[in-house]
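Source file: my_file_19.pdb. Holds: PDB, C-alpha atoms.
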ATOM      1  CA  MET T   1       0.000   0.000   0.000
ATOM      2  CA  MET T   2       2.843   2.322   1.007
ATOM      3  CA  GLN T   3       4.784   1.344  -2.161
ATOM      4  CA  HIS T   4       1.751   2.055  -4.347
ATOM      5  CA  HIS T   5       1.328   5.490  -2.772
ATOM      6  CA  GLY T   6       5.049   6.293  -3.428
ATOM      7  CA  THR T   7       4.774   5.270  -7.113
ATOM      8  CA  SER T   8       1.675   7.403  -7.567
ATOM      9  CA  HIS T   9       3.459  10.432  -6.024
ATOM     10  CA  ARG T  10       6.471   9.964  -8.387
ATOM     11  CA  ARG T  11       4.055   9.741 -11.371
ATOM     12  CA  ALA T  12       2.371  12.975 -10.298
ATOM     13  CA  ARG T  13       5.811  14.729 -10.061
ATOM     14  CA  ALA T  14       6.795  13.346 -13.467
ATOM     15  CA  LEU T  15       3.568  14.643 -14.951
ATOM     16  CA  ALA T  16       4.254  18.075 -13.459
ATOM     17  CA  LEU T  17       7.708  18.062 -15.076
ATOM     18  CA  ILE T  18       6.245  17.144 -18.485
ATOM     19  CA  GLU T  19       3.637  19.846 -18.088
ATOM     20  CA  LEU T  20       6.331  22.338 -17.209
ATOM     21  CA  LEU T  21       8.397  21.329 -20.250
ATOM     22  CA  ILE T  22       5.354  21.647 -22.537
ATOM     23  CA  ALA T  23       4.535  25.033 -21.043
ATOM     24  CA  VAL T  24       8.129  26.212 -21.576
ATOM     25  CA  ALA T  25       8.053  24.935 -25.165
ATOM     26  CA  ILE T  26       4.728  26.663 -25.901
ATOM     27  CA  THR T  27       5.954  29.887 -24.293
ATOM     28  CA  SER T  28       9.138  29.722 -26.374
ATOM     29  CA  ILE T  29       7.184  29.194 -29.593
ATOM     30  CA  VAL T  30       4.807  32.038 -28.773
ATOM     31  CA  GLY T  31       7.752  34.238 -27.767
ATOM     32  CA  LEU T  32       9.560  33.503 -31.010
ATOM     33  CA  ALA T  33       6.400  34.183 -32.994
ATOM     34  CA  MET T  34       5.942  37.490 -31.169
ATOM     35  CA  ALA T  35       9.580  38.400 -31.782
ATOM     36  CA  ALA T  36       9.231  37.565 -35.479
ATOM     37  CA  LEU T  37       6.010  39.585 -35.650
ATOM     38  CA  MET T  38       7.595  42.569 -33.927
ATOM     39  CA  THR T  39      10.680  42.367 -36.144
ATOM     40  CA  SER T  40       8.657  42.285 -39.318
ATOM     41  CA  ALA T  41       6.421  45.076 -38.021
ATOM     42  CA  ALA T  42       9.472  47.169 -37.152
ATOM     43  CA  ARG T  43      10.896  46.521 -40.623
ATOM     44  CA  ALA T  44       7.608  47.489 -42.243
ATOM     45  CA  MET T  45       7.367  50.630 -40.111
ATOM     46  CA  SER T  46      10.928  51.549 -40.976
ATOM     47  CA  ALA T  47      10.244  51.089 -44.704
ATOM     48  CA  SER T  48       7.053  53.091 -44.375
ATOM     49  CA  THR T  49       8.832  55.885 -42.493
ATOM     50  CA  GLY T  50      11.533  55.884 -45.170
ATOM     51  CA  ALA T  51       8.935  56.115 -47.921
ATOM     52  CA  ARG T  52       7.116  58.950 -46.168
ATOM     53  CA  SER T  53      10.344  60.796 -45.513
ATOM     54  CA  GLY T  54      11.295  60.295 -49.166
ATOM     55  CA  LEU T  55       7.954  61.697 -50.293
ATOM     56  CA  GLN T  56       8.325  64.694 -48.010
ATOM     57  CA  ARG T  57      11.739  65.334 -49.536
ATOM     58  CA  ALA T  58      10.244  64.945 -53.001
ATOM     59  CA  HIS T  59       7.490  67.401 -52.177
ATOM     60  CA  ALA T  60      10.018  69.898 -50.784
ATOM     61  CA  ALA T  61      12.091  69.538 -53.955
ATOM     62  CA  TYR T  62       8.953  69.949 -56.077
ATOM     63  CA  THR T  63       8.038  73.158 -54.259
ATOM     64  CA  ARG T  64      11.576  74.532 -54.647
ATOM     65  CA  LEU T  65      11.648  73.634 -58.339
ATOM     66  CA  ARG T  66       8.266  75.260 -58.903
ATOM     67  CA  ALA T  67       9.616  78.489 -57.440
ATOM     68  CA  TYR T  68      11.943  78.519 -60.456
ATOM     69  CA  THR T  69       9.731  77.024 -63.151
ATOM     70  CA  GLU T  70       6.540  79.012 -62.553
ATOM     71  CA  PRO T  71       8.025  82.402 -63.431
ATOM     72  CA  ALA T  72      10.517  80.879 -65.901
ATOM     73  CA  LEU T  73      10.282  81.750 -69.569
ATOM     74  CA  CYS T  74      11.946  78.819 -71.242
ATOM     75  CA  LEU T  75      13.691  75.511 -70.835
ATOM     76  CA  LEU T  76      16.953  76.384 -72.531
ATOM     77  CA  GLN T  77      18.704  73.040 -72.622
ATOM     78  CA  HIS T  78      18.904  69.602 -71.082
ATOM     79  CA  ASP T  79      21.569  66.978 -71.508
ATOM     80  CA  GLY T  80      19.880  63.643 -70.827
ATOM     81  CA  SER T  81      21.801  63.133 -67.577
ATOM     82  CA  GLY T  82      19.425  65.091 -65.408
ATOM     83  CA  ASN T  83      21.151  68.464 -65.933
ATOM     84  CA  PHE T  84      19.143  71.309 -67.396
ATOM     85  CA  ALA T  85      19.124  75.073 -67.819
ATOM     86  CA  ILE T  86      16.201  77.477 -67.662
ATOM     87  CA  TRP T  87      15.731  81.110 -68.589
ATOM     88  CA  LEU T  88      14.378  82.446 -65.323
ATOM     89  CA  ALA T  89      13.294  85.945 -66.379
ATOM     90  CA  ASP T  90      13.965  88.632 -68.910
ATOM     91  CA  SER T  91      15.175  90.963 -66.176
ATOM     92  CA  VAL T  92      17.423  92.793 -68.629
ATOM     93  CA  PRO T  93      14.676  93.527 -71.179
ATOM     94  CA  GLY T  94      15.310  92.765 -74.806
ATOM     95  CA  GLY T  95      14.056  89.233 -75.330
ATOM     96  CA  LYS T  96      17.559  87.785 -75.173
ATOM     97  CA  VAL T  97      19.143  85.661 -72.480
ATOM     98  CA  ASN T  98      21.634  87.432 -70.252
ATOM     99  CA  LEU T  99      24.100  85.555 -68.083
ATOM    100  CA  THR T 100      22.415  86.435 -64.807
ATOM    101  CA  GLU T 101      19.044  85.223 -66.114
ATOM    102  CA  ILE T 102      20.211  81.625 -66.423
ATOM    103  CA  ARG T 103      19.729  78.960 -63.786
ATOM    104  CA  VAL T 104      21.343  75.575 -64.239
ATOM    105  CA  PHE T 105      20.111  72.526 -62.339
ATOM    106  CA  TRP T 106      22.755  69.883 -61.821
ATOM    107  CA  PHE T 107      22.170  66.294 -60.817
ATOM    108  CA  ASP T 108      25.156  64.611 -59.215
ATOM    109  CA  PRO T 109      24.626  60.820 -59.135
ATOM    110  CA  VAL T 110      27.550  60.375 -56.723
ATOM    111  CA  SER T 111      26.294  62.669 -53.967
ATOM    112  CA  GLU T 112      22.679  61.962 -55.102
ATOM    113  CA  GLU T 113      22.023  65.693 -54.930
ATOM    114  CA  MET T 114      20.365  68.210 -57.183
ATOM    115  CA  THR T 115      21.665  71.762 -57.013
ATOM    116  CA  VAL T 116      20.814  74.988 -58.787
ATOM    117  CA  GLU T 117      23.613  77.276 -59.892
ATOM    118  CA  ARG T 118      23.504  80.940 -60.882
ATOM    119  CA  ILE T 119      25.921  83.670 -61.778
ATOM    120  CA  ALA T 120      27.030  85.524 -58.645
ATOM    121  CA  LEU T 121      29.363  88.390 -59.370
ATOM    122  CA  PRO T 122      31.661  89.659 -56.612
ATOM    123  CA  ASP T 123      30.088  92.137 -54.181
ATOM    124  CA  ALA T 124      33.153  94.312 -54.526
ATOM    125  CA  TRP T 125      32.306  95.009 -58.173
ATOM    126  CA  THR T 126      30.485  98.234 -59.025
ATOM    127  CA  GLN T 127      27.027  97.989 -60.579
ATOM    128  CA  GLU T 128      28.468  99.279 -63.866
ATOM    129  CA  LEU T 129      31.022  96.489 -63.903
ATOM    130  CA  LYS T 130      28.351  93.914 -63.091
ATOM    131  CA  ASP T 131      26.085  95.246 -65.869
ATOM    132  CA  ALA T 132      28.966  95.138 -68.323
ATOM    133  CA  TYR T 133      29.720  91.525 -67.386
ATOM    134  CA  ASP T 134      26.065  90.491 -67.716
ATOM    135  CA  ILE T 135      26.292  89.996 -71.470
ATOM    136  CA  GLU T 136      23.624  88.680 -73.834
ATOM    137  CA  VAL T 137      24.040  85.042 -74.763
ATOM    138  CA  SER T 138      23.013  83.420 -78.013
ATOM    139  CA  SER T 139      19.953  81.172 -77.730
ATOM    140  CA  SER T 140      21.961  78.371 -79.341
ATOM    141  CA  SER T 141      24.684  78.479 -76.680
ATOM    142  CA  ASP T 142      25.705  75.511 -74.598
ATOM    143  CA  PHE T 143      24.288  76.930 -71.378
ATOM    144  CA  LEU T 144      25.603  74.110 -69.210
ATOM    145  CA  ALA T 145      29.170  74.589 -70.474
ATOM    146  CA  LEU T 146      28.763  78.309 -70.060
ATOM    147  CA  MET T 147      27.875  77.910 -66.381
ATOM    148  CA  LEU T 148      30.831  75.566 -65.867
ATOM    149  CA  ASP T 149      33.057  78.170 -67.478
ATOM    150  CA  GLU T 150      31.767  80.854 -65.100
ATOM    151  CA  ARG T 151      32.202  78.462 -62.187
ATOM    152  CA  SER T 152      35.861  77.993 -63.080
ATOM    153  CA  ARG T 153      36.232  81.777 -62.807
ATOM    154  CA  GLY T 154      34.567  81.719 -59.398
ATOM    155  CA  TYR T 155      31.544  83.737 -60.492
ATOM    156  CA  THR T 156      28.763  81.339 -59.557
ATOM    157  CA  SER T 157      26.952  80.186 -56.457
ATOM    158  CA  SER T 158      24.935  77.039 -55.845
ATOM    159  CA  ILE T 159      22.277  75.871 -53.460
ATOM    160  CA  ALA T 160      20.872  72.394 -52.899
ATOM    161  CA  VAL T 161      17.389  71.666 -54.215
ATOM    162  CA  ALA T 162      17.028  67.973 -53.396
ATOM    163  CA  ASP T 163      19.006  65.093 -51.976
ATOM    164  CA  GLY T 164      18.668  61.333 -51.796
ATOM    165  CA  LEU T 165      18.070  61.068 -55.541
ATOM    166  CA  GLU T 166      19.170  57.866 -57.238
ATOM    167  CA  GLY T 167      18.278  59.018 -60.706
ATOM    168  CA  LEU T 168      16.731  61.921 -62.533
ATOM    169  CA  LEU T 169      15.405  62.154 -66.058
ATOM    170  CA  LEU T 170      13.889  65.155 -67.828
ATOM    171  CA  LEU T 171      11.371  64.526 -70.608
ATOM    172  CA  HIS T 172       9.152  66.670 -72.787
ATOM    173  CA  SER T 173       7.077  66.157 -75.891
ATOM    174  CA  ALA T 174       8.124  69.265 -77.818
ATOM    175  CA  ALA T 175      10.288  69.395 -80.919
ATOM    176  CA  SER T 176      13.086  71.140 -79.032
ATOM    177  CA  ASP T 177      13.932  72.079 -75.460
ATOM    178  CA  GLN T 178      13.184  75.727 -76.097
ATOM    179  CA  SER T 179       9.768  74.949 -77.610
ATOM    180  CA  ALA T 180       8.661  72.934 -74.573
ATOM    181  CA  GLN T 181       5.886  74.599 -72.600
ATOM    182  CA  ARG T 182       5.686  71.592 -70.308
ATOM    183  CA  PHE T 183       8.256  69.120 -69.100
ATOM    184  CA  ARG T 184       8.436  66.237 -66.662
ATOM    185  CA  LEU T 185      11.032  65.075 -64.208
ATOM    186  CA  THR T 186      11.110  61.416 -63.268
ATOM    187  CA  ILE T 187      13.119  60.946 -60.113
ATOM    188  CA  ASN T 188      14.095  57.844 -58.196
ATOM    189  CA  LEU T 189      14.209  58.614 -54.522
ATOM    190  CA  THR T 190      16.217  56.659 -51.995
ATOM    191  CA  THR T 191      13.761  55.712 -49.251
ATOM    192  CA  GLY T 192      15.903  53.302 -47.257
ATOM    193  CA  PRO T 193      18.757  50.830 -47.564
ATOM    194  CA  GLY T 194      18.251  49.198 -50.950
ATOM    195  CA  LEU T 195      14.833  50.836 -51.356
ATOM    196  CA  SER T 196      13.775  53.500 -53.809
ATOM    197  CA  GLU T 197      10.571  55.018 -55.086
ATOM    198  CA  SER T 198       9.835  56.500 -58.471
ATOM    199  CA  ILE T 199       8.101  59.889 -58.592
ATOM    200  CA  LEU T 200       6.924  61.894 -61.578
ATOM    201  CA  MET T 201       6.742  65.676 -61.402
ATOM    202  CA  ALA T 202       5.139  67.714 -64.162
ATOM    203  CA  PHE T 203       6.030  71.358 -64.682
ATOM    204  CA  GLY T 204       4.502  74.018 -66.848
ATOM    205  CA  LEU T 205       5.924  77.279 -68.115
ATOM    206  CA  PRO T 206       2.846  79.533 -68.302
ATOM    207  CA  GLN T 207       4.961  82.539 -69.307
ATOM    208  CA  HIS T 208       6.739  80.567 -71.995
ATOM    209  CA  LYS T 209       8.647  82.446 -74.677
ATOM    210  CA  LYS T 210      11.670  81.533 -76.711
ATOM    211  CA  PRO T 211      14.731  83.742 -76.525
ATOM    212  CA  LEU T 212      15.672  85.745 -79.606
TER     213      LEU T 212
ATOM    214  CA  MET G 213      -6.551  31.887 -19.559
ATOM    215  CA  ALA G 214      -2.943  32.307 -20.683
ATOM    216  CA  SER G 215      -3.919  31.581 -24.280
ATOM    217  CA  THR G 216      -6.685  34.173 -24.154
ATOM    218  CA  LEU G 217      -4.317  36.773 -22.744
ATOM    219  CA  LEU G 218      -1.736  35.991 -25.391
ATOM    220  CA  GLY G 219      -4.369  36.188 -28.096
ATOM    221  CA  ILE G 220      -5.537  39.577 -26.859
ATOM    222  CA  ILE G 221      -1.968  40.872 -26.746
ATOM    223  CA  VAL G 222      -1.228  39.634 -30.271
ATOM    224  CA  LEU G 223      -4.459  41.155 -31.575
ATOM    225  CA  ALA G 224      -3.707  44.461 -29.869
ATOM    226  CA  VAL G 225      -0.203  44.558 -31.350
ATOM    227  CA  ILE G 226      -1.452  43.680 -34.841
ATOM    228  CA  SER G 227      -4.240  46.235 -34.590
ATOM    229  CA  ALA G 228      -1.818  48.983 -33.489
ATOM    230  CA  ILE G 229       0.591  48.151 -36.305
ATOM    231  CA  THR G 230      -2.197  48.070 -38.903
ATOM    232  CA  SER G 231      -3.523  51.434 -37.752
ATOM    233  CA  ALA G 232      -0.067  52.976 -37.870
ATOM    234  CA  GLN G 233       0.502  51.574 -41.358
ATOM    235  CA  ARG G 234      -2.866  52.856 -42.561
ATOM    236  CA  LEU G 235      -2.191  56.328 -41.178
ATOM    237  CA  SER G 236       1.244  56.348 -42.752
ATOM    238  CA  PHE G 237      -0.218  55.284 -46.099
ATOM    239  CA  GLU G 238      -2.903  57.981 -45.878
ATOM    240  CA  GLY G 239      -0.190  60.559 -45.184
ATOM    241  CA  GLN G 240       1.787  59.435 -48.222
ATOM    242  CA  LYS G 241      -1.350  59.489 -50.330
ATOM    243  CA  ARG G 242      -2.084  63.095 -49.318
ATOM    244  CA  ILE G 243       1.416  64.213 -50.298
ATOM    245  CA  LEU G 244       1.113  62.519 -53.682
ATOM    246  CA  ALA G 245      -2.429  63.885 -54.106
ATOM    247  CA  ALA G 246      -1.177  67.441 -53.585
ATOM    248  CA  MET G 247       1.609  66.885 -56.086
ATOM    249  CA  THR G 248      -0.609  65.381 -58.777
ATOM    250  CA  ALA G 249      -3.219  68.125 -58.430
ATOM    251  CA  ASP G 250      -0.523  70.802 -58.698
ATOM    252  CA  ASP G 251       1.037  68.970 -61.645
ATOM    253  CA  LEU G 252      -2.174  68.977 -63.648
ATOM    254  CA  MET G 253      -2.984  72.580 -62.793
ATOM    255  CA  LEU G 254       0.511  73.659 -63.876
ATOM    256  CA  GLU G 255       0.060  71.815 -67.145
ATOM    257  CA  LEU G 256      -3.451  73.158 -67.757
ATOM    258  CA  VAL G 257      -2.446  76.796 -67.385
ATOM    259  CA  THR G 258       0.086  76.369 -70.190
ATOM    260  CA  LEU G 259      -2.734  75.572 -72.641
ATOM    261  CA  PRO G 260      -4.117  78.284 -74.886
ATOM    262  CA  TYR G 261      -7.229  79.888 -73.404
ATOM    263  CA  SER G 262      -9.369  78.576 -76.261
ATOM    264  CA  GLU G 263      -8.372  74.972 -75.504
ATOM    265  CA  LEU G 264      -8.933  75.148 -71.786
ATOM    266  CA  LEU G 265     -12.709  74.723 -71.844
ATOM    267  CA  SER G 266     -12.321  71.439 -73.731
ATOM    268  CA  LYS G 267     -10.619  69.979 -70.646
ATOM    269  CA  ASP G 268     -13.784  70.291 -68.580
ATOM    270  CA  GLY G 269     -14.745  66.840 -67.343
ATOM    271  CA  LEU G 270     -11.326  65.327 -67.924
ATOM    272  CA  THR G 271     -11.161  62.344 -65.571
ATOM    273  CA  GLN G 272      -8.334  59.949 -64.824
ATOM    274  CA  SER G 273      -9.467  57.096 -62.617
ATOM    275  CA  PRO G 274      -7.262  55.713 -59.798
ATOM    276  CA  GLY G 275      -4.255  53.951 -61.242
ATOM    277  CA  SER G 276      -4.465  55.565 -64.664
ATOM    278  CA  LEU G 277      -2.857  58.961 -64.152
ATOM    279  CA  VAL G 278      -1.110  60.424 -67.180
ATOM    280  CA  THR G 279       0.348  63.852 -67.864
ATOM    281  CA  LEU G 280      -1.292  66.075 -70.460
ATOM    282  CA  ASP G 281       1.393  64.906 -72.861
ATOM    283  CA  GLY G 282       0.516  61.274 -72.218
ATOM    284  CA  GLN G 283       3.277  60.053 -69.897
ATOM    285  CA  ALA G 284       1.977  57.544 -67.370
ATOM    286  CA  TYR G 285       2.659  58.128 -63.695
ATOM    287  CA  PRO G 286       4.733  55.489 -61.876
ATOM    288  CA  ASP G 287       3.230  52.841 -59.605
ATOM    289  CA  SER G 288       3.631  55.043 -56.505
ATOM    290  CA  PHE G 289       0.509  56.903 -57.678
ATOM    291  CA  TRP G 290      -1.666  53.780 -58.071
ATOM    292  CA  ALA G 291      -4.263  54.842 -55.494
ATOM    293  CA  LEU G 292      -5.002  58.249 -56.993
ATOM    294  CA  GLY G 293      -7.331  59.588 -59.632
ATOM    295  CA  ARG G 294      -8.087  63.158 -60.638
ATOM    296  CA  THR G 295     -10.726  65.165 -62.376
ATOM    297  CA  VAL G 296     -10.912  68.612 -63.974
ATOM    298  CA  SER G 297     -13.696  71.133 -64.002
ATOM    299  CA  VAL G 298     -13.502  74.227 -66.219
ATOM    300  CA  VAL G 299     -16.393  76.672 -66.038
ATOM    301  CA  GLU G 300     -16.910  80.187 -67.289
ATOM    302  CA  ALA G 301     -16.813  82.705 -64.472
ATOM    303  CA  THR G 302     -16.431  86.384 -63.786
ATOM    304  CA  MET G 303     -14.527  88.154 -61.072
ATOM    305  CA  GLU G 304     -15.872  91.454 -59.796
ATOM    306  CA  TYR G 305     -13.757  94.256 -58.391
ATOM    307  CA  PRO G 306     -16.446  96.702 -57.156
ATOM    308  CA  ASP G 307     -13.929  99.273 -55.920
ATOM    309  CA  LEU G 308     -12.406  99.498 -59.383
ATOM    310  CA  GLU G 309     -15.731  98.902 -61.127
ATOM    311  CA  VAL G 310     -14.084  96.200 -63.133
ATOM    312  CA  THR G 311     -15.416  92.800 -64.113
ATOM    313  CA  VAL G 312     -13.021  90.232 -65.474
ATOM    314  CA  ARG G 313     -14.322  87.332 -67.513
ATOM    315  CA  GLY G 314     -12.460  84.098 -67.491
ATOM    316  CA  LEU G 315     -12.447  80.434 -66.625
ATOM    317  CA  ARG G 316     -12.426  78.866 -63.204
ATOM    318  CA  VAL G 317     -10.295  75.733 -63.330
ATOM    319  CA  THR G 318     -10.630  73.186 -60.529
ATOM    320  CA  VAL G 319      -8.531  70.052 -60.187
ATOM    321  CA  THR G 320      -9.714  67.453 -57.698
ATOM    322  CA  THR G 321      -7.689  64.452 -56.636
ATOM    323  CA  TYR G 322      -9.523  61.449 -55.270
ATOM    324  CA  ASP G 323      -9.029  57.852 -54.258
ATOM    325  CA  ALA G 324     -11.380  54.876 -54.286
ATOM    326  CA  MET G 325     -13.209  56.186 -51.225
ATOM    327  CA  SER G 326     -13.515  59.967 -51.468
ATOM    328  CA  ASN G 327     -12.139  63.270 -52.724
ATOM    329  CA  LEU G 328      -8.778  64.056 -51.163
ATOM    330  CA  LEU G 329      -8.252  67.655 -52.174
ATOM    331  CA  SER G 330      -9.187  70.303 -54.698
ATOM    332  CA  ILE G 331      -7.250  73.276 -55.993
ATOM    333  CA  GLU G 332      -8.690  76.098 -58.023
ATOM    334  CA  THR G 333      -7.420  78.934 -60.159
ATOM    335  CA  PHE G 334      -8.973  81.662 -62.259
ATOM    336  CA  VAL G 335      -7.647  82.148 -65.783
ATOM    337  CA  PRO G 336      -8.648  85.550 -67.155
ATOM    338  CA  GLU G 337      -9.785  85.846 -70.750
ATOM    339  CA  PRO G 338      -6.966  87.322 -72.833
ATOM    340  CA  ALA G 339      -7.481  90.910 -73.912
ATOM    341  CA  GLY G 340      -8.308  91.547 -77.503
TER     342      GLY G 340
END
Could you express the structure from this file as structure tokens?
Amino acid sequence: MMQHHGTSHRRARALALIELLIAVAITSIVGLAMAALMTSAARAMSASTGARSGLQRAHAAYTRLRAYTEPALCLLQHDGSGNFAIWLADSVPGGKVNLTEIRVFWFDPVSEEMTVERIALPDAWTQELKDAYDIEVSSSSDFLALMLDERSRGYTSSIAVADGLEGLLLLHSAASDQSAQRFRLTINLTTGPGLSESILMAFGLPQHKKPL
Amino acid sequence: MASTLLGIIVLAVISAITSAQRLSFEGQKRILAAMTADDLMLELVTLPYSELLSKDGLTQSPGSLVTLDGQAYPDSFWALGRTVSVVEATMEYPDLEVTVRGLRVTVTTYDAMSNLLSIETFVPEPAG
């Protein structure tokens, strides 16, 4: 009788151990599942935050670009690598492009940045000297090379328009750059490690006119 | 008891994550909606005044956005559609005793559920 009672007690303890082991196993599985769920959720949130941040950057770039394109008169030139020049205004009247009226947008695929460059003559110069330097430029000029030339002389300044750009392509449907009243920029935005998003921006030139 | 608690916790976590994702997606959609509405308005105002009225009723359903020149928008814009309204209107300036005739152009961006935003501009009739 005593022996039977002892065996039964050992069985009960053994059952408790098995129960404990099963409980630990279930808890581990649930814990792992929760960890996997949280990891994937964190990854999704991170991707989503990256995408939203990318879109906010795109919208900021769009707004900055519009500040140039809305008053602009003409798309002067683009080179197929994301670089383009616009005629911002005919501030020296005459219907021709003057140096200071040009803005060149550069896309640097290495730094993934887009910048806008303009002629900036030294403050020390007199207004007469500045006016004399601000010559008229032929409408068939290579405006991008011209800006590079001025840069080499130290007479330009640049500001950033957008960053985190993997690629940039300018397209229009007109016969020539200078005839285009509308153009599009397709940009690929970096939104996270190994992630990018494609955005299309359309621009219009309501004041469009070709330079003489 | 433990299983119920675990279930509730998992559901709560999933629900919180889903809500956050939905809000994030809505935010992204609003940014893109603003951009696409501005895009179309910028393109429309480059058209000759005489052509503008013909764009009244132009509708691009969600997922089929194209520029006025026919370039399709990338997949990021899949949830958005847009519509154009162009109506004749006048603007009164009582102080100057001037009335300007023109067209009121409205671009509305929408998704499958509702309108997201509208922008409007007045294009005056050219003199002459």
Could you list the residues in chain G lying within 6 Å of chain T, using only C-alpha atoms, and format the result as a list in words?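 Going by the stated atoms only, the list reads Gln240, Asp251, Leu254, Glu255 and Thr258 of chain G.
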Have a look at CA of Ser138 (chain T) and CA of Lys96 (chain T) and let me know their distance in Å, one decimal. 7.5 Å
The PyMOL selection byres ((chain T and resi 90) around 12) - which residues does that actually catch in the file I just gave you? List them as a CSV table (one decimal) with C-alpha atoms, keeping the file's coordinate frame.
chain,number,residue,atom,x,y,z
T,71,PRO,CA,8.0,82.4,-63.4
T,72,ALA,CA,10.5,80.9,-65.9
T,73,LEU,CA,10.3,81.8,-69.6
T,74,CYS,CA,11.9,78.8,-71.2
T,86,ILE,CA,16.2,77.5,-67.7
T,87,TRP,CA,15.7,81.1,-68.6
T,88,LEU,CA,14.4,82.4,-65.3
T,89,ALA,CA,13.3,85.9,-66.4
T,91,SER,CA,15.2,91.0,-66.2
T,92,VAL,CA,17.4,92.8,-68.6
T,93,PRO,CA,14.7,93.5,-71.2
T,94,GLY,CA,15.3,92.8,-74.8
T,95,GLY,CA,14.1,89.2,-75.3
T,96,LYS,CA,17.6,87.8,-75.2
T,97,VAL,CA,19.1,85.7,-72.5
T,98,ASN,CA,21.6,87.4,-70.3
T,99,LEU,CA,24.1,85.6,-68.1
T,100,THR,CA,22.4,86.4,-64.8
T,101,GLU,CA,19.0,85.2,-66.1
T,102,ILE,CA,20.2,81.6,-66.4
T,136,GLU,CA,23.6,88.7,-73.8
T,207,GLN,CA,5.0,82.5,-69.3
T,208,HIS,CA,6.7,80.6,-72.0
T,209,LYS,CA,8.6,82.4,-74.7
T,210,LYS,CA,11.7,81.5,-76.7
T,211,PRO,CA,14.7,83.7,-76.5
T,212,LEU,CA,15.7,85.7,-79.6
CA of Gly269 (chain G) and CA of Ala301 (chain G) are how many Å apart? 16.3 Å
Distance CA of Glu150 (chain T)-CA of Glu117 (chain T), one decimal place?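 Answer for the CA of Glu150 (chain T) to CA of Glu117 (chain T) separation: 10.3 Å.
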Can you complete the atoms of region 300-312 of chain G to N, CA and C atoms and list them as a PDB file, in the frame of the given file?
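Written file, part37.pdb:
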ATOM      1  N   GLU G 300     -17.028  78.750 -67.058  1.00  0.00           N
ATOM      2  CA  GLU G 300     -16.910  80.187 -67.289  1.00  0.00           C
ATOM      3  C   GLU G 300     -17.294  80.924 -66.012  1.00  0.00           C
ATOM      4  N   ALA G 301     -16.549  81.972 -65.714  1.00  0.00           N
ATOM      5  CA  ALA G 301     -16.813  82.705 -64.472  1.00  0.00           C
ATOM      6  C   ALA G 301     -16.405  84.160 -64.670  1.00  0.00           C
ATOM      7  N   THR G 302     -16.873  84.981 -63.759  1.00  0.00           N
ATOM      8  CA  THR G 302     -16.431  86.384 -63.786  1.00  0.00           C
ATOM      9  C   THR G 302     -15.938  86.750 -62.394  1.00  0.00           C
ATOM     10  N   MET G 303     -15.005  87.653 -62.358  1.00  0.00           N
ATOM     11  CA  MET G 303     -14.527  88.154 -61.072  1.00  0.00           C
ATOM     12  C   MET G 303     -14.819  89.647 -61.026  1.00  0.00           C
ATOM     13  N   GLU G 304     -15.456  90.051 -59.928  1.00  0.00           N
ATOM     14  CA  GLU G 304     -15.872  91.454 -59.796  1.00  0.00           C
ATOM     15  C   GLU G 304     -14.905  92.189 -58.865  1.00  0.00           C
ATOM     16  N   TYR G 305     -14.551  93.375 -59.262  1.00  0.00           N
ATOM     17  CA  TYR G 305     -13.757  94.256 -58.391  1.00  0.00           C
ATOM     18  C   TYR G 305     -14.556  95.548 -58.226  1.00  0.00           C
ATOM     19  N   PRO G 306     -15.524  95.568 -57.278  1.00  0.00           N
ATOM     20  CA  PRO G 306     -16.446  96.702 -57.156  1.00  0.00           C
ATOM     21  C   PRO G 306     -15.728  98.040 -56.953  1.00  0.00           C
ATOM     22  N   ASP G 307     -14.646  98.014 -56.181  1.00  0.00           N
ATOM     23  CA  ASP G 307     -13.929  99.273 -55.920  1.00  0.00           C
ATOM     24  C   ASP G 307     -13.405  99.884 -57.210  1.00  0.00           C
ATOM     25  N   LEU G 308     -12.973  99.017 -58.117  1.00  0.00           N
ATOM     26  CA  LEU G 308     -12.406  99.498 -59.383  1.00  0.00           C
ATOM     27  C   LEU G 308     -13.453  99.537 -60.496  1.00  0.00           C
ATOM     28  N   GLU G 309     -14.641  99.026 -60.148  1.00  0.00           N
ATOM     29  CA  GLU G 309     -15.731  98.902 -61.127  1.00  0.00           C
ATOM     30  C   GLU G 309     -15.275  98.116 -62.356  1.00  0.00           C
ATOM     31  N   VAL G 310     -14.622  97.041 -62.058  1.00  0.00           N
ATOM     32  CA  VAL G 310     -14.084  96.200 -63.133  1.00  0.00           C
ATOM     33  C   VAL G 310     -14.634  94.785 -62.981  1.00  0.00           C
ATOM     34  N   THR G 311     -15.006  94.210 -64.097  1.00  0.00           N
ATOM     35  CA  THR G 311     -15.416  92.800 -64.113  1.00  0.00           C
ATOM     36  C   THR G 311     -14.511  92.065 -65.096  1.00  0.00           C
ATOM     37  N   VAL G 312     -13.933  90.996 -64.618  1.00  0.00           N
ATOM     38  CA  VAL G 312     -13.021  90.232 -65.474  1.00  0.00           C
ATOM     39  C   VAL G 312     -13.674  88.902 -65.805  1.00  0.00           C
TER      40      VAL G 312
END
